[in-house]
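Below: one structure, written as structure tokens.
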Amino acid sequence: PSAQTAASQQEDAVTISLTADGALFFNQEPVTKEALAALLRDTQRTQPTRLVILNADRTAQHGRVIEVLDLVRQSGLQRVSFQASPEPT
């Protein structure tokens, strides 16, 4: 997605990426939905206040984005941000 006011996150965070075809990545490493859930639970156990940045392709299915958000919620992590790219000028 893009936004006129996209801000960069400077703090240490984990990044979940969702491609247009539904592929998932955790910190740029390909993962399955099950592996992502385990990684998020591990992150919550070791760093419960860690920020999760969700970077979803603008054409990713809305339902798939909601599934990923639900995995984050189920893990117990509460700080979630969406990464956006600036609008082209």
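Starting from 1 in every chain, residues are counted up; chains themselves are A, B, ... following the order of the structure tokens, and ligands are numbered from 1 as listed.
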
Range 63-77 of chain A environment, 8 Å, only C-alpha atoms, sequence neighbours closer than 6 positions dropped, as an MDAnalysis selection string: chainID A and resid 18 22 36:37 40:41 44 48:52 56

All residues 9 Å or closer to Ser17 in chain A, only C-alpha atoms, same chain fewer than 3 positions away omitted, as JSON, numbers by chain: {"A": [23, 24, 25, 26, 27, 28, 53, 54, 55, 56, 57]}

I need the chosen residues saved as a JSON list (two decimals), in the first residue's frame, with N, CA, C and O atoms.
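Here's the written file selection22.json:
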```json
[["chain", "number", "residue", "atom", "x", "y", "z"],
["A", 23, "ALA", "N", 2.10, -15.26, -0.65],
["A", 23, "ALA", "CA", 3.31, -15.77, 0.01],
["A", 23, "ALA", "C", 3.62, -14.92, 1.25],
["A", 23, "ALA", "O", 3.44, -13.70, 1.24],
["A", 24, "LEU", "N", 4.08, -15.58, 2.30],
["A", 24, "LEU", "CA", 4.41, -14.92, 3.57],
["A", 24, "LEU", "C", 5.91, -14.91, 3.79],
["A", 24, "LEU", "O", 6.60, -15.87, 3.47],
["A", 25, "PHE", "N", 6.39, -13.82, 4.39],
["A", 25, "PHE", "CA", 7.80, -13.69, 4.75],
["A", 25, "PHE", "C", 7.88, -13.12, 6.16],
["A", 25, "PHE", "O", 7.10, -12.24, 6.53],
["A", 26, "PHE", "N", 8.82, -13.63, 6.95],
["A", 26, "PHE", "CA", 9.10, -13.13, 8.29],
["A", 26, "PHE", "C", 10.53, -12.61, 8.25],
["A", 26, "PHE", "O", 11.45, -13.40, 8.06],
["A", 27, "ASN", "N", 10.69, -11.31, 8.39],
["A", 27, "ASN", "CA", 12.02, -10.69, 8.26],
["A", 27, "ASN", "C", 12.71, -11.14, 6.97],
["A", 27, "ASN", "O", 13.86, -11.57, 6.98],
["A", 28, "GLN", "N", 11.99, -11.10, 5.88],
["A", 28, "GLN", "CA", 12.47, -11.39, 4.53],
["A", 28, "GLN", "C", 12.75, -12.87, 4.27],
["A", 28, "GLN", "O", 13.27, -13.22, 3.21],
["A", 53, "ILE", "N", 5.65, -5.07, 12.10],
["A", 53, "ILE", "CA", 5.31, -4.25, 10.94],
["A", 53, "ILE", "C", 4.75, -5.17, 9.86],
["A", 53, "ILE", "O", 5.40, -6.14, 9.48],
["A", 54, "LEU", "N", 3.55, -4.87, 9.40],
["A", 54, "LEU", "CA", 2.92, -5.66, 8.35],
["A", 54, "LEU", "C", 3.04, -4.91, 7.03],
["A", 54, "LEU", "O", 2.60, -3.77, 6.90],
["A", 55, "ASN", "N", 3.68, -5.56, 6.08],
["A", 55, "ASN", "CA", 3.88, -4.99, 4.75],
["A", 55, "ASN", "C", 3.15, -5.89, 3.76],
["A", 55, "ASN", "O", 3.66, -6.94, 3.38],
["A", 56, "ALA", "N", 1.94, -5.48, 3.37],
["A", 56, "ALA", "CA", 1.14, -6.29, 2.44],
["A", 56, "ALA", "C", 1.07, -5.60, 1.08],
["A", 56, "ALA", "O", 0.86, -4.39, 1.01],
["A", 57, "ASP", "N", 1.25, -6.38, 0.05],
["A", 57, "ASP", "CA", 1.11, -5.85, -1.30],
["A", 57, "ASP", "C", -0.29, -5.26, -1.46],
["A", 57, "ASP", "O", -1.25, -5.81, -0.93]]
```

Residue nearest Phe82 in chain A - candidates A:Gln47, A:Arg58, A:Leu39, A:Glu29, atoms counted: only C-alpha atoms: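 For Phe82 in chain A, the nearest of the given residues is A:Arg58.
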
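Relative to CA of Ser81 in chain A, CA of Val14 in chain A is found at 10.4 Å.
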
DSSP-assigned helix (DSSP H, G or I) members of chain A, reported as a ChimeraX atom specification: /A:33-46,62-75

CA of Gln78 in chain A to CA of Ala13 in chain A, distance in Å rounded to a single decimal: 12.4 Å

All strand (DSSP E) residues (DSSP, backbone) inside range 15-85 of chain A, as number ranges by chain: A: 15-18, 24-26, 29-31, 51-56, 80-82, 85
